[in-house]
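S.K.: Data file final.txt (compact mmCIF, C-alpha atoms) is appended below.
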# COMPACT_ATOMS: atom_id res chain seq x y z
CA MET A 216 0.00 0.00 0.00
CA GLU A 217 2.82 2.33 0.90
CA ASN A 218 4.62 1.56 -2.34
CA ASN A 219 1.51 2.40 -4.36
CA LYS A 220 1.26 5.79 -2.64
CA ASN A 221 4.92 6.53 -3.32
CA LYS A 222 4.51 5.54 -6.95
CA LYS A 223 1.48 7.79 -7.34
CA LYS A 224 3.37 10.64 -5.68
CA ARG A 225 6.35 10.18 -7.98
CA ARG A 226 4.07 10.03 -11.01
CA SER A 227 2.34 13.21 -9.90
CA ILE A 228 5.69 15.01 -9.44
CA PHE A 229 6.96 13.68 -12.76
CA GLY A 230 3.77 14.81 -14.52
CA GLY A 231 4.08 18.28 -12.97
CA VAL A 232 7.68 18.57 -14.15
CA ILE A 233 6.69 17.56 -17.68
CA ALA A 234 3.81 20.05 -17.73
CA GLN A 235 6.08 22.82 -16.43
CA THR A 236 8.72 21.98 -19.03
CA ILE A 237 6.15 22.10 -21.84
CA VAL A 238 4.83 25.48 -20.68
CA LEU A 239 8.35 26.90 -20.42
CA LEU A 240 9.21 25.51 -23.84
CA PHE A 241 6.20 27.21 -25.43
CA TYR A 242 7.04 30.46 -23.66
CA MET A 243 10.64 30.24 -24.88
CA LEU A 244 9.42 29.75 -28.45
CA PHE A 245 7.03 32.68 -28.05
CA ALA A 246 9.78 34.94 -26.66
CA LEU A 247 12.44 33.97 -29.19
CA PHE A 248 10.22 33.94 -32.30
CA PRO A 249 10.75 37.67 -33.07
CA LEU A 250 14.52 37.11 -33.07
CA PHE A 251 14.12 34.02 -35.23
CA TRP A 252 11.89 35.90 -37.68
CA MET A 253 14.36 38.78 -37.83
CA VAL A 254 17.16 36.39 -38.79
CA VAL A 255 14.91 34.75 -41.40
CA LEU A 256 14.14 38.11 -43.00
CA SER A 257 17.81 39.03 -43.04
CA LEU A 258 18.53 35.94 -45.16
CA LYS A 259 15.88 36.77 -47.77
CA SER A 260 16.36 38.73 -50.96
CA ASP A 261 14.02 41.57 -51.87
CA LYS A 262 12.23 39.37 -54.42
CA GLN A 263 11.51 36.66 -51.86
CA MET A 264 10.54 38.99 -49.03
CA PHE A 265 6.76 38.81 -49.64
CA THR A 266 6.53 35.71 -51.83
CA THR A 267 7.95 33.15 -49.36
CA THR A 268 7.61 32.37 -45.67
CA PHE A 269 9.97 29.70 -44.39
CA LEU A 270 10.95 27.95 -47.62
CA PHE A 271 13.30 30.17 -49.61
CA ASN A 272 16.82 30.37 -50.97
CA PRO A 273 18.91 31.94 -48.17
CA THR A 274 21.42 34.58 -49.14
CA LEU A 275 24.06 36.61 -47.32
CA GLU A 276 23.75 39.52 -49.73
CA ASN A 277 22.12 41.76 -47.12
CA TYR A 278 25.03 41.23 -44.73
CA ARG A 279 27.54 41.76 -47.53
CA VAL A 280 25.98 45.13 -48.35
CA LEU A 281 26.10 46.20 -44.71
CA LEU A 282 29.68 45.13 -44.07
CA THR A 283 31.13 46.47 -47.33
CA SER A 284 29.31 49.78 -47.60
CA GLY A 285 31.36 51.16 -44.72
CA GLY A 286 28.70 53.36 -43.18
CA TYR A 287 27.03 50.74 -41.04
CA LEU A 288 30.26 49.13 -39.84
CA THR A 289 31.67 52.53 -38.83
CA ALA A 290 28.46 53.36 -36.98
CA PHE A 291 28.59 49.99 -35.22
CA TRP A 292 32.05 50.65 -33.74
CA GLN A 293 31.18 54.23 -32.87
CA SER A 294 28.03 53.07 -31.08
CA LEU A 295 30.04 50.48 -29.19
CA ILE A 296 32.56 53.11 -28.06
CA VAL A 297 29.93 55.65 -27.00
CA SER A 298 27.69 53.16 -25.22
CA SER A 299 30.52 51.38 -23.40
CA LEU A 300 32.23 54.55 -22.18
CA SER A 301 28.89 56.07 -21.19
CA VAL A 302 28.08 53.05 -19.03
CA LEU A 303 31.60 53.05 -17.55
CA ILE A 304 31.27 56.71 -16.52
CA ALA A 305 27.81 56.05 -15.10
CA ILE A 306 29.07 53.06 -13.08
CA ILE A 307 31.84 55.11 -11.46
CA ALA A 308 29.64 58.09 -10.67
CA GLY A 309 26.46 56.13 -9.98
CA THR A 310 28.02 53.68 -7.53
CA PHE A 311 29.34 56.45 -5.31
CA GLY A 312 26.05 58.33 -5.66
CA ALA A 313 24.09 55.22 -4.72
CA TYR A 314 26.23 54.75 -1.61
CA ALA A 315 25.64 58.35 -0.56
CA LEU A 316 21.86 58.00 -0.95
CA ALA A 317 21.88 54.70 0.95
CA ARG A 318 24.14 55.65 3.87
CA PHE A 319 24.18 59.41 4.43
CA LYS A 320 21.33 61.29 6.07
CA PHE A 321 20.75 64.81 4.80
CA LYS A 322 17.82 67.11 4.21
CA GLY A 323 15.88 66.39 1.04
CA LYS A 324 17.60 63.04 0.38
CA GLU A 325 14.49 61.35 -0.98
CA MET A 326 13.63 64.41 -3.04
CA TRP A 327 17.05 64.29 -4.70
CA ALA A 328 16.72 60.55 -5.23
CA PHE A 329 13.34 60.97 -6.90
CA THR A 330 14.69 63.84 -9.01
CA ILE A 331 17.45 61.60 -10.31
CA LEU A 332 14.93 58.87 -11.10
CA SER A 333 12.60 61.30 -12.86
CA PHE A 334 15.18 61.83 -15.61
CA GLU A 335 14.60 58.19 -16.58
CA PHE A 336 10.91 58.86 -17.23
CA ALA A 337 11.21 62.19 -19.03
CA PRO A 338 10.75 61.89 -22.82
CA ALA A 339 13.95 62.77 -24.66
CA ILE A 340 12.05 64.93 -27.13
CA LEU A 341 11.26 67.42 -24.31
CA VAL A 342 14.90 68.30 -23.68
CA VAL A 343 16.58 67.61 -27.00
CA LEU A 344 15.89 71.08 -28.50
CA PRO A 345 17.50 73.12 -25.66
CA LEU A 346 20.32 70.58 -25.57
CA PHE A 347 20.79 71.06 -29.30
CA LEU A 348 21.23 74.83 -28.81
CA ILE A 349 23.56 74.34 -25.84
CA TYR A 350 25.65 71.78 -27.70
CA GLN A 351 26.04 74.04 -30.73
CA SER A 352 27.19 76.96 -28.59
CA THR A 353 29.63 74.89 -26.52
CA GLY A 354 31.15 72.77 -29.29
CA LEU A 355 29.73 69.50 -27.98
CA TYR A 356 27.53 68.94 -31.01
CA ASP A 357 28.40 65.84 -33.06
CA SER A 358 31.14 64.67 -30.69
CA TYR A 359 31.86 61.59 -28.64
CA VAL A 360 32.00 63.63 -25.43
CA GLY A 361 28.65 65.25 -26.17
CA LEU A 362 26.89 61.92 -26.71
CA MET A 363 28.50 60.34 -23.66
CA LEU A 364 27.37 63.26 -21.51
CA VAL A 365 23.77 63.20 -22.72
CA TYR A 366 23.63 59.41 -22.37
CA GLN A 367 24.09 59.90 -18.62
CA VAL A 368 20.48 61.07 -18.54
CA ILE A 369 19.52 57.55 -19.66
CA VAL A 370 21.94 55.29 -17.79
CA LEU A 371 22.91 57.10 -14.59
CA PRO A 372 19.46 57.12 -12.87
CA LEU A 373 19.04 53.40 -13.45
CA ILE A 374 22.43 52.54 -11.97
CA VAL A 375 21.92 54.82 -8.96
CA TRP A 376 18.54 53.36 -8.05
CA VAL A 377 19.43 49.72 -8.58
CA VAL A 378 22.75 49.85 -6.72
CA ARG A 379 21.23 51.94 -3.92
CA GLY A 380 18.99 49.02 -3.00
CA TYR A 381 21.99 46.71 -2.74
CA PHE A 382 23.84 49.10 -0.44
CA GLU A 383 20.76 49.39 1.78
CA ASP A 384 20.70 45.60 2.17
CA ILE A 385 24.25 45.56 3.59
CA PRO A 386 24.37 45.99 7.40
CA VAL A 387 26.17 49.07 8.65
CA GLU A 388 27.95 46.84 11.20
CA LEU A 389 29.99 45.40 8.35
CA GLU A 390 31.59 48.79 7.73
CA GLU A 391 32.06 49.44 11.45
CA ALA A 392 33.87 46.13 11.86
CA ALA A 393 36.16 47.00 8.96
CA GLN A 394 36.93 50.36 10.57
CA LEU A 395 37.96 48.57 13.75
CA ASP A 396 40.34 46.48 11.62
CA GLY A 397 42.08 49.69 10.51
CA TYR A 398 40.61 50.17 7.05
CA ASN A 399 39.90 53.68 5.80
CA TRP A 400 36.68 54.55 3.98
CA LEU A 401 38.01 53.99 0.47
CA GLN A 402 39.44 50.60 1.41
CA ILE A 403 36.14 49.60 3.01
CA PHE A 404 34.26 50.67 -0.10
CA LEU A 405 36.54 48.88 -2.57
CA ARG A 406 37.40 45.73 -0.59
CA ARG A 407 34.27 45.10 1.48
CA LEU A 408 31.25 46.77 -0.08
CA LEU A 409 31.97 46.71 -3.80
CA PRO A 410 32.31 42.90 -4.05
CA LEU A 411 28.93 42.54 -2.31
CA VAL A 412 27.10 44.94 -4.63
CA LEU A 413 28.92 43.75 -7.76
CA PRO A 414 25.95 41.64 -8.95
CA GLY A 415 23.72 44.70 -8.78
CA VAL A 416 26.28 46.86 -10.55
CA VAL A 417 26.66 44.32 -13.35
CA SER A 418 22.90 43.88 -13.74
CA ALA A 419 22.33 47.63 -13.89
CA ALA A 420 25.26 48.03 -16.29
CA LEU A 421 23.76 45.47 -18.66
CA LEU A 422 20.38 47.21 -18.72
CA SER A 423 22.08 50.59 -19.07
CA PHE A 424 24.15 49.38 -22.02
CA ILE A 425 21.02 48.11 -23.76
CA PHE A 426 19.24 51.44 -23.23
CA ALA A 427 22.26 53.41 -24.45
CA TRP A 428 22.79 51.12 -27.43
CA ASN A 429 19.14 51.42 -28.50
CA GLU A 430 18.89 55.20 -27.98
CA PHE A 431 17.60 56.98 -31.06
CA THR A 432 16.45 60.54 -30.33
CA PHE A 433 19.65 61.97 -28.84
CA PRO A 434 22.07 60.70 -31.54
CA LEU A 435 19.59 61.70 -34.25
CA MET A 436 19.46 65.32 -33.08
CA LEU A 437 22.89 65.80 -31.46
CA ALA A 438 25.12 63.93 -33.93
CA GLY A 439 25.17 62.72 -37.50
CA PHE A 440 28.28 63.89 -39.39
CA ASN A 441 31.30 62.80 -37.38
CA VAL A 442 29.61 60.37 -34.97
CA HIS A 443 27.00 57.85 -36.09
CA THR A 444 25.02 55.20 -34.25
CA VAL A 445 23.48 52.02 -35.59
CA THR A 446 19.97 53.12 -34.69
CA VAL A 447 20.26 56.22 -36.88
CA VAL A 448 22.21 54.62 -39.72
CA SER A 449 19.63 51.84 -39.98
CA LEU A 450 17.15 54.47 -41.18
CA ASN A 451 19.10 54.71 -44.43
CA TYR A 452 17.66 51.38 -45.51
CA LEU A 453 14.12 52.64 -44.92
CA ALA A 454 14.38 56.23 -46.13
CA SER A 455 15.10 55.38 -49.75
CA ALA A 456 13.11 54.96 -52.94
CA THR A 457 13.04 51.19 -52.36
CA VAL A 458 12.74 49.88 -48.82
CA HIS A 459 15.22 47.04 -48.29
CA TYR A 460 13.60 45.08 -45.48
CA GLY A 461 16.26 42.38 -45.65
CA GLN A 462 19.01 44.92 -45.01
CA VAL A 463 17.01 46.43 -42.16
CA ALA A 464 16.62 42.97 -40.62
CA ALA A 465 20.33 42.27 -41.11
CA ALA A 466 21.22 45.57 -39.44
CA ALA A 467 18.94 44.74 -36.51
CA THR A 468 20.44 41.25 -36.23
CA ILE A 469 24.00 42.56 -36.10
CA SER A 470 22.95 45.27 -33.64
CA ALA A 471 21.60 42.65 -31.24
CA ILE A 472 24.90 40.76 -31.06
CA PRO A 473 26.71 42.96 -28.45
CA SER A 474 23.80 42.83 -25.98
CA ILE A 475 23.45 39.05 -26.37
CA ILE A 476 27.19 38.44 -25.91
CA LEU A 477 27.28 40.75 -22.88
CA ALA A 478 24.26 39.06 -21.27
CA ILE A 479 25.74 35.57 -21.77
CA SER A 480 29.17 36.55 -20.47
CA ILE A 481 27.86 38.05 -17.21
CA GLN A 482 24.97 35.68 -16.55
CA ARG A 483 26.64 34.30 -13.41
CA TYR A 484 26.54 37.79 -11.90
CA LEU A 485 22.89 38.10 -12.86
CA VAL A 486 22.10 34.86 -11.02
CA ARG A 487 23.95 36.12 -7.95
CA GLY A 488 21.99 39.34 -8.18
CA LEU A 489 18.68 37.47 -8.13
CA SER A 490 19.75 35.46 -5.08
CA PHE A 491 21.21 38.46 -3.25
CA GLY A 492 19.89 39.05 0.23
CA SER A 493 21.54 36.39 2.38
CA ILE A 494 23.32 39.06 4.44
CA LYS A 495 20.17 40.94 5.41
CA GLU A 496 19.52 41.51 9.05
Show how you would write the structure in this file as structure tokens.
M.R.:
Amino acid sequence: MENNKNKKKRRSIFGGVIAQTIVLLFYMLFALFPLFWMVVLSLKSDKQMFTTTFLFNPTLENYRVLLTSGGYLTAFWQSLIVSSLSVLIAIIAGTFGAYALARFKFKGKEMWAFTILSFEFAPAILVVLPLFLIYQSTGLYDSYVGLMLVYQVIVLPLIVWVVRGYFEDIPVELEEAAQLDGYNWLQIFLRRLLPLVLPGVVSAALLSFIFAWNEFTFPLMLAGFNVHTVTVVSLNYLASATVHYGQVAAAATISAIPSIILAISIQRYLVRGLSFGSIKE
């Protein structure tokens, strides 16, 4: 009798695992289908774009045009430089800012924190015109420095708010114990606190890089001659007499590669970030 109950229990658990696996598999297919369809379109010629679905003669012509024309490849590397340096600057400034908002007590702290966060919600189109005038008068227009500065409006608030929560989860006694051991503040920050909040920093950096990489309004209005981004250059394949959907899909496919590689390479930090909290009081 006992064996029959155990068998039924194991069958029930096994059936639940199978059902969960099937549901997750369908969700994975649903989530990845847009990427799959984008790759399919990038392998189609203009003649086959609307006459075929899945059965067609694949071609790499769209990729050849992108990689040999020069404009897209240059924009790709320029976007990579601008986005990476923008996130690096935001990590350095945002981590210290997050610590200050988490640890220090001063008048209007929450007001300042909300003000920083509000930049994340403000539409770029509201501020791009005055920024355009300021950039032209200061020589920042169409420059790497100008784009990296304006990208802080996008990436810095996210890093500050995400990392602030990690600092708040670390007991103050940890810093006090390090002070008793003879460490100064900078040593405590770099050797004790930073390793603990590293999963949060990496997670926020990944999201910030994606936002910076996909930004369209600021590079469209504040650059365009010396500095190009993939989001703006991709318009060239739409704003022509003949719309080349295959080239647009190829440009989007190549543009997705840095974010995918970055997410895969730091996934262990993302897992640690999800499980963070074991040191809470």
S.K.: Do you know which residues are at most 12 Å from Glu430 of chain A counting only C-alpha atoms, after dropping those on the same chain fewer than 5 positions away, and could you put them as an NGL selection string?
M.R.: :A and (294 or 297-298 or 338-340 or 362-363 or 365-370 or 423-425 or 435-437 or 443-447)
S.K.: Neighbours of Trp327 of chain A within 12 Å (only C-alpha atoms; same-chain residues fewer than 2 positions away dropped), as a list in words?
M.R.: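 Final neighbour list, sorted by chain and number: Gly312, Ala313, Ala315, Leu316, Lys320, Phe321, Lys322, Gly323, Lys324, Glu325, Phe329, Thr330, Ile331, Leu332, Ser333, Phe334, Pro372, Val375 and Trp376 of chain A.
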S.K.: At what distance in Å, to one decimal, does atom CA of Arg379 of chain A lie from atom CA of Ala317 of chain A?
M.R.: 5.6 Å
S.K.: Please build the interface table for segment 244-283 of chain A against segment 457-463 of chain A with a cut-off of 8 Å, listing for each qualifying residue the nearest atom pair and the distance in Å to one decimal; count all atoms listed in the file, order rows by chain and increasing number, and write it as a tab-separated table.
M.R.:
residue	atom	partner	partner_atom	distance
A:Leu256	CA	A:Gly461	CA	5.5
A:Ser257	CA	A:Gly461	CA	4.5
A:Leu258	CA	A:Gly461	CA	6.8
A:Lys259	CA	A:Gly461	CA	6.0
A:Ser260	CA	A:Gly461	CA	6.4
A:Asp261	CA	A:His459	CA	6.6
A:Met264	CA	A:Gly461	CA	7.5
A:Asn277	CA	A:Gln462	CA	4.9
A:Tyr278	CA	A:Gln462	CA	7.1
A:Val280	CA	A:Gln462	CA	7.7
A:Leu281	CA	A:Gln462	CA	7.2
S.K.: Of the residues A:Gly354, A:Thr274, A:Ala467, A:Ala438, which is the one nearest to Lys262 of chain A, using only C-alpha atoms?
M.R.: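 For Lys262 of chain A, the nearest of the given residues is A:Thr274.
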S.K.: Could you tell me which of A:Leu364, A:Ala328, A:Val416, A:Ala290 comes closest to Ser449 of chain A if we count all atoms listed in the file?
M.R.: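 Closest candidate: A:Ala290.
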S.K.: Please report, as JSON lines, each residue of segment 402-446 of chain A lying at most 10 Å from segment 382-388 of chain A, together with the nearest pair of atoms and the separation in Å rounded to one decimal; use only C-alpha atoms, and order rows by chain and ascending residue number.
M.R.:
{"residue": "A:Leu408", "atom": "CA", "partner": "A:Phe382", "partner_atom": "CA", "distance": 7.8}
{"residue": "A:Leu409", "atom": "CA", "partner": "A:Phe382", "partner_atom": "CA", "distance": 9.1}
{"residue": "A:Leu411", "atom": "CA", "partner": "A:Ile385", "partner_atom": "CA", "distance": 8.1}
{"residue": "A:Val412", "atom": "CA", "partner": "A:Phe382", "partner_atom": "CA", "distance": 6.7}
{"residue": "A:Gly415", "atom": "CA", "partner": "A:Phe382", "partner_atom": "CA", "distance": 9.4}
